[in-house]
Amino acid sequence: MKRFFIILSFVCAIPTMYAQQTFSLKQCIETGLERNYSIHIIRNEQQINNNNATLGNAGYLPTIDMDGGFSGSLNNNNNKLSDGSTEKNNGVHNETANIGLNLNWTIFDGFSIQANYSKLQELQRMGELNTRMTIEDFVANLSSEYYNLIRQKIRLNNLRSTLDLSRERLRIVEERYFIGSMSRLDLQQAKVDFNADSSNVLNQLEVVHTSRIRLNELMALQDVEEEIQIKDSLIYPNPFLDEVELWKNTLATNASLLIAQKNKTLSELDYKKIKSRNYPYVKMNAGYGYTANWYEVGTTDLQKRLGLNYGLTVGINIFDGLNRRREQRNARIQIKNQELRTQELELSLRANLSNFWMAYQNNLQLWKLEKENLVAAQENYRIAIDRYKLGELSGIELREAQNSLLEAEERQSIAEYSTKICEISLLQLSGQILNYIAPDPEKASE
C-alpha cells in the first residue's frame with residue numbers, strides 16, 4: 001500500500017513537472033515576430049534599402065582616390081646631332097616615381113543626382129512597406145492558425161462528448177441484453193456506433209496535432225513538437241466592424257495600395273532622370289601629388305615636382321540618335337501603366353472587401369442561428385435519451401438524435417471560425433491587422 005501511494009504521488013506530480021507555458025494570441029504573435037525566419041529575412045532586406053539611401057550612393061559627394069607608382073626604362077640611345085655627328089648611349093636607365101590625391105566631382109548633371117537620391121528614399125520607404133506587408137501576412141496566418149487550433153480542439157471535445165454518449169448507450173444496451181430485453185442486433189449496432197465514434201476521436205487527435213505543429217512552426221519554436229497550451233478555448237467573433245470605416249482605412253493604409261503608389265512615384269523619378277540628359281553637365285577634377293624623375297644622361301640628374309592640378313568640364317549631349325526622345329515616351333507610358341495598375345488594384349480591393357464583408361455578415365447570421373439550433377438539438381437529445389431509457393425509442397432513432405447534436409455543434413463551431421477568419425481578412429485588407437485586439441467576450445456573445 002505504501003508503494004502504491006508513492007507511485008500515485010509521482011503520477012500526480014507529472015503535470016506540474018511538465019507544465020507548459022500558456023500562450024495567448026498576443027504572445028504567439030510576439031514570439032513569432034521575434035523568431036520567425038521570414039520576418040528576419042525581410043527585415044534584413046529592409047536594412048539593405050536603408051543602407052543604400054545615402055547622399056554618396058546618389059552621387060552628391062565627390063570621390064577621392066590616392067594612388068602612387070614607380071616605373072623605369074632601360075634604353076640604347078642613338079641620336080644624330082645637327083652637325084652631322086652621332087651620339088650613342090647604351091644602357092640608359094631612367095626612373096619615375098609618383099604619388100598623389102585625385103578628386104572627381106559631378107557638380108551638376110541636369111537634376112539626375114536629385115532624382116537618384118529621391119528614388120533611393122522611395123525604395124527605402126517601399127522596403128518598409130514590404131516589411132509591413134510581410135508582417136501583416138504573418139500575423140493574419142498565425143491568427144488564423146491560432147483560431148483553427150481552438151476550433152479543432154472544440155471539435156475534439158464535441159467528438160469526445162459524442163463518444164461518452166455512445167459509451168452510455170452501449171452500457172444501457174449491454175445491461176438490457178443480459179436481462180433479455182434487447183436483441184443481439186441492438187448490442188452489435190451500439191458497438192459499431194461506439195467504435196465509429198472512437199475512430200473519429202483518434203482522427204481528430206491527429207488534426208489537432210497537425211494544427212499545433214503548424215502554430216509552433218510559425219512561431220519558430222526551437223522544439224517544433226513542444227506541447228504548448230493556448231490561453232483561449234472559445235472563439236469570440238467581433239460583430240462590431242463597420243464597412244464604411246474599413247474601406248476608408250483600406251484606401252489610407254493598405255500596404256499593397258501604398259506600394260502601387262510608390263511604384264508610380266518611382267516611374268516618375270525614372271522619367272525625371274531621362275529628362276536630365278537634356279541639360280548640360282558640370283564636372284570638376286583636381287589632383288595634388290609628388291613626382292620624381294631620375295635621368296642617367298643629360299644635364300639634369302633628378303627632377304622633382306610637387307603641385308596641384310585642377311580642371312572644370314562643361315558639356316551637353318547634342319544628339320544621341322533620338323534615344324532620349326524614345327526613352328521619354330516609354331517612361332511616360334510606364335507612368336500611365338502604374339496609374340492603371342493602381343486603379344486596377346483599388347478596384348480589386350473594393351471587390352475583395354465587398355466579398356469578405358458579405359461573408360462576414362452571412363456568417364454572423366449563421367452563428368446566431370446555429371447557437372439557437374444547438375440549444376434545440378441539446379433539448380432534442382435529452383428527450384431522446386430519456387425515451388430510450390424508458391424503451392420508447394429505438395437505437396437508430398437515438399443515434400439520429402445524437403448525430404443531429406454533433407452536427408449542430410460542428411455547424412456552430414464552423415460558423416464561429418468562419419466569422420473570425422472573415423474578420424481577420426477584413427482587418428488585414430484595411431491595414432488594421434497589426435492593431436488587432438480580440439473583442440470583449442461578453443459583448444461578442446450578445
# chains A, B, ... in the order shown; residues from 1 in each chain; ligands from 1
$ residues_around --residues "Ile433 (chain A)" --least-positions-apart "5" --cutoff "12 Å" --atoms "only C-alpha atoms" --output "list of chain:residue names"
A:Ile29, A:Arg132, A:Met133, A:Thr134, A:Ile135, A:Glu136, A:Asp137, A:Phe138, A:Val139, A:Ala140, A:Asn141, A:Leu142, A:Ser143, A:Ser144, A:Leu246, A:Asn249, A:Thr250, A:Thr253, A:Asn254, A:Ala255, A:Ile421, A:Glu423, A:Ile424, A:Ser425, A:Leu426, A:Leu427, A:Gln428, A:Ala438
$ residues_around --residues "Gln188 (chain A)" --least-positions-apart "5" --cutoff "10 Å" --atoms "only C-alpha atoms" --output "JSON, numbers by chain"
{"A": [170, 173, 174, 183, 193, 194]}
$ residues_around --residues "Val314 (chain A)" --least-positions-apart "5" --cutoff "8 Å" --atoms "only C-alpha atoms" --output "list in words"
Pro280, Tyr281, Val282 and Lys283 of chain A
$ write_last_selection --atoms "all heavy atoms" --output "tab-separated table (two decimals), in the first residue's frame"
chain	number	residue	atom	x	y	z
A	280	PRO	N	22.85	70.54	-69.58
A	280	PRO	CA	24.32	70.37	-69.57
A	280	PRO	C	24.79	69.75	-68.26
A	280	PRO	O	24.05	69.71	-67.27
A	280	PRO	CB	24.83	71.81	-69.72
A	280	PRO	CG	23.73	72.66	-69.20
A	280	PRO	CD	22.45	71.96	-69.53
A	281	TYR	N	26.02	69.27	-68.27
A	281	TYR	CA	26.61	68.72	-67.07
A	281	TYR	C	27.88	69.50	-66.74
A	281	TYR	O	28.54	70.06	-67.62
A	281	TYR	CB	26.93	67.23	-67.23
A	281	TYR	CG	27.83	66.90	-68.38
A	281	TYR	CD1	29.23	66.98	-68.25
A	281	TYR	CD2	27.30	66.51	-69.61
A	281	TYR	CE1	30.06	66.68	-69.31
A	281	TYR	CE2	28.14	66.21	-70.68
A	281	TYR	CZ	29.51	66.28	-70.52
A	281	TYR	OH	30.33	66.00	-71.58
A	282	VAL	N	28.20	69.54	-65.47
A	282	VAL	CA	29.39	70.24	-64.99
A	282	VAL	C	30.16	69.28	-64.09
A	282	VAL	O	29.61	68.77	-63.11
A	282	VAL	CB	29.03	71.52	-64.21
A	282	VAL	CG1	30.30	72.22	-63.72
A	282	VAL	CG2	28.20	72.46	-65.06
A	283	LYS	N	31.43	69.04	-64.42
A	283	LYS	CA	32.25	68.13	-63.65
A	283	LYS	C	33.56	68.81	-63.28
A	283	LYS	O	34.11	69.59	-64.07
A	283	LYS	CB	32.54	66.86	-64.44
A	283	LYS	CG	31.31	66.04	-64.78
A	283	LYS	CD	31.66	64.77	-65.54
A	283	LYS	CE	30.41	63.97	-65.87
A	283	LYS	NZ	30.73	62.73	-66.61
$ atom_distance --atom1 "CA of Tyr290 (chain A)" --atom2 "CA of Lys304 (chain A)"
7.4 Å
$ closest_atom_pairs --of "region 254-287 of chain A" --to "region 107-115 of chain A" --cutoff "8 Å" --atoms "only C-alpha atoms" --output "Markdown table"
| residue | atom | partner | partner_atom | distance |
| --- | --- | --- | --- | --- |
| A:Leu269 | CA | A:Ala115 | CA | 5.7 |
| A:Asp270 | CA | A:Ala115 | CA | 7.6 |
| A:Lys272 | CA | A:Ala115 | CA | 6.5 |
| A:Lys273 | CA | A:Ser112 | CA | 4.9 |
| A:Ile274 | CA | A:Ser112 | CA | 7.9 |
| A:Lys275 | CA | A:Gly110 | CA | 7.9 |
| A:Ser276 | CA | A:Gly110 | CA | 4.2 |
| A:Arg277 | CA | A:Gly110 | CA | 6.2 |
| A:Asn278 | CA | A:Gly110 | CA | 7.2 |
| A:Tyr279 | CA | A:Gly110 | CA | 4.8 |
| A:Pro280 | CA | A:Gly110 | CA | 6.3 |
| A:Tyr281 | CA | A:Asp109 | CA | 4.3 |
| A:Val282 | CA | A:Phe108 | CA | 5.0 |
| A:Lys283 | CA | A:Ile107 | CA | 5.5 |
| A:Met284 | CA | A:Ile107 | CA | 7.0 |
$ residues_around --residues "Gln402 (chain A)" --least-positions-apart "2" --cutoff "10 Å" --atoms "only C-alpha atoms" --output "ChimeraX atom specification"
/A:162,165-166,377-378,380-382,384-385,396-400,404-408
$ residues_around --residues "Leu123 (chain A)" --least-positions-apart "6" --cutoff "9 Å" --atoms "only C-alpha atoms" --output "MDAnalysis selection string"
chainID A and resid 49:50 52:53 262 266
$ atom_distance --atom1 "CA of Val224 (chain A)" --atom2 "CA of Cys28 (chain A)"
13.7 Å
$ closest_residue --among "A:Gln21, A:Thr265, A:Asn76, A:Ser82" --to "Glu226 (chain A)" --atoms "only C-alpha atoms"
A:Gln21
$ residues_around --residues "Val92 (chain A)" --least-positions-apart "5" --cutoff "10 Å" --atoms "only C-alpha atoms" --output "list in words"
Ser73, Leu74, Asn75, Asn76, Asn77, Tyr295, Glu296 and Val297 of chain A
$ write_last_selection --atoms "all heavy atoms" --output "PDB file, in the first residue's frame"
ATOM      1  N   SER A  73      62.848  52.757 -67.253  1.00  0.00           N
ATOM      2  CA  SER A  73      63.127  52.365 -68.640  1.00  0.00           C
ATOM      3  C   SER A  73      64.625  52.153 -68.805  1.00  0.00           C
ATOM      4  O   SER A  73      65.447  52.815 -68.158  1.00  0.00           O
ATOM      5  CB  SER A  73      62.624  53.433 -69.609  1.00  0.00           C
ATOM      6  OG  SER A  73      63.305  54.658 -69.420  1.00  0.00           O
ATOM      7  N   LEU A  74      64.962  51.225 -69.647  1.00  0.00           N
ATOM      8  CA  LEU A  74      66.357  50.934 -69.958  1.00  0.00           C
ATOM      9  C   LEU A  74      66.488  50.947 -71.480  1.00  0.00           C
ATOM     10  O   LEU A  74      65.919  50.097 -72.171  1.00  0.00           O
ATOM     11  CB  LEU A  74      66.764  49.573 -69.399  1.00  0.00           C
ATOM     12  CG  LEU A  74      68.222  49.162 -69.593  1.00  0.00           C
ATOM     13  CD1 LEU A  74      69.160  50.132 -68.864  1.00  0.00           C
ATOM     14  CD2 LEU A  74      68.442  47.734 -69.094  1.00  0.00           C
ATOM     15  N   ASN A  75      67.212  51.931 -72.042  1.00  0.00           N
ATOM     16  CA  ASN A  75      67.249  52.148 -73.486  1.00  0.00           C
ATOM     17  C   ASN A  75      68.683  52.295 -73.993  1.00  0.00           C
ATOM     18  O   ASN A  75      69.595  52.712 -73.256  1.00  0.00           O
ATOM     19  CB  ASN A  75      66.473  53.425 -73.864  1.00  0.00           C
ATOM     20  CG  ASN A  75      65.008  53.351 -73.450  1.00  0.00           C
ATOM     21  OD1 ASN A  75      64.323  52.419 -73.813  1.00  0.00           O
ATOM     22  ND2 ASN A  75      64.564  54.358 -72.697  1.00  0.00           N
ATOM     23  N   ASN A  76      68.815  51.998 -75.257  1.00  0.00           N
ATOM     24  CA  ASN A  76      70.039  52.328 -76.008  1.00  0.00           C
ATOM     25  C   ASN A  76      69.699  53.499 -76.912  1.00  0.00           C
ATOM     26  O   ASN A  76      68.878  53.366 -77.833  1.00  0.00           O
ATOM     27  CB  ASN A  76      70.521  51.136 -76.829  1.00  0.00           C
ATOM     28  CG  ASN A  76      70.970  49.981 -75.949  1.00  0.00           C
ATOM     29  OD1 ASN A  76      71.544  50.209 -74.890  1.00  0.00           O
ATOM     30  ND2 ASN A  76      70.730  48.758 -76.395  1.00  0.00           N
ATOM     31  N   ASN A  77      70.324  54.652 -76.681  1.00  0.00           N
ATOM     32  CA  ASN A  77      70.002  55.861 -77.438  1.00  0.00           C
ATOM     33  C   ASN A  77      70.997  56.053 -78.591  1.00  0.00           C
ATOM     34  O   ASN A  77      72.216  55.903 -78.424  1.00  0.00           O
ATOM     35  CB  ASN A  77      70.029  57.099 -76.538  1.00  0.00           C
ATOM     36  CG  ASN A  77      68.976  57.028 -75.447  1.00  0.00           C
ATOM     37  OD1 ASN A  77      67.955  56.350 -75.623  1.00  0.00           O
ATOM     38  ND2 ASN A  77      69.215  57.717 -74.336  1.00  0.00           N
ATOM     39  N   TYR A 295      67.403  60.709 -64.209  1.00  0.00           N
ATOM     40  CA  TYR A 295      67.947  60.570 -65.560  1.00  0.00           C
ATOM     41  C   TYR A 295      69.431  60.222 -65.471  1.00  0.00           C
ATOM     42  O   TYR A 295      70.177  60.779 -64.641  1.00  0.00           O
ATOM     43  CB  TYR A 295      67.791  61.871 -66.357  1.00  0.00           C
ATOM     44  CG  TYR A 295      66.358  62.363 -66.424  1.00  0.00           C
ATOM     45  CD1 TYR A 295      65.929  63.410 -65.599  1.00  0.00           C
ATOM     46  CD2 TYR A 295      65.461  61.799 -67.320  1.00  0.00           C
ATOM     47  CE1 TYR A 295      64.627  63.874 -65.651  1.00  0.00           C
ATOM     48  CE2 TYR A 295      64.155  62.265 -67.392  1.00  0.00           C
ATOM     49  CZ  TYR A 295      63.738  63.297 -66.548  1.00  0.00           C
ATOM     50  OH  TYR A 295      62.442  63.748 -66.617  1.00  0.00           O
ATOM     51  N   GLU A 296      69.896  59.362 -66.355  1.00  0.00           N
ATOM     52  CA  GLU A 296      71.315  58.991 -66.383  1.00  0.00           C
ATOM     53  C   GLU A 296      72.107  59.825 -67.376  1.00  0.00           C
ATOM     54  O   GLU A 296      73.329  59.883 -67.326  1.00  0.00           O
ATOM     55  CB  GLU A 296      71.478  57.506 -66.733  1.00  0.00           C
ATOM     56  CG  GLU A 296      71.175  56.593 -65.571  1.00  0.00           C
ATOM     57  CD  GLU A 296      71.672  55.176 -65.810  1.00  0.00           C
ATOM     58  OE1 GLU A 296      72.054  54.873 -66.965  1.00  0.00           O
ATOM     59  OE2 GLU A 296      71.692  54.386 -64.848  1.00  0.00           O
ATOM     60  N   VAL A 297      71.388  60.443 -68.332  1.00  0.00           N
ATOM     61  CA  VAL A 297      72.073  61.283 -69.321  1.00  0.00           C
ATOM     62  C   VAL A 297      71.424  62.649 -69.319  1.00  0.00           C
ATOM     63  O   VAL A 297      70.308  62.825 -68.837  1.00  0.00           O
ATOM     64  CB  VAL A 297      72.003  60.642 -70.725  1.00  0.00           C
ATOM     65  CG1 VAL A 297      72.757  59.325 -70.759  1.00  0.00           C
ATOM     66  CG2 VAL A 297      70.577  60.486 -71.177  1.00  0.00           C
TER      67      VAL A 297
END
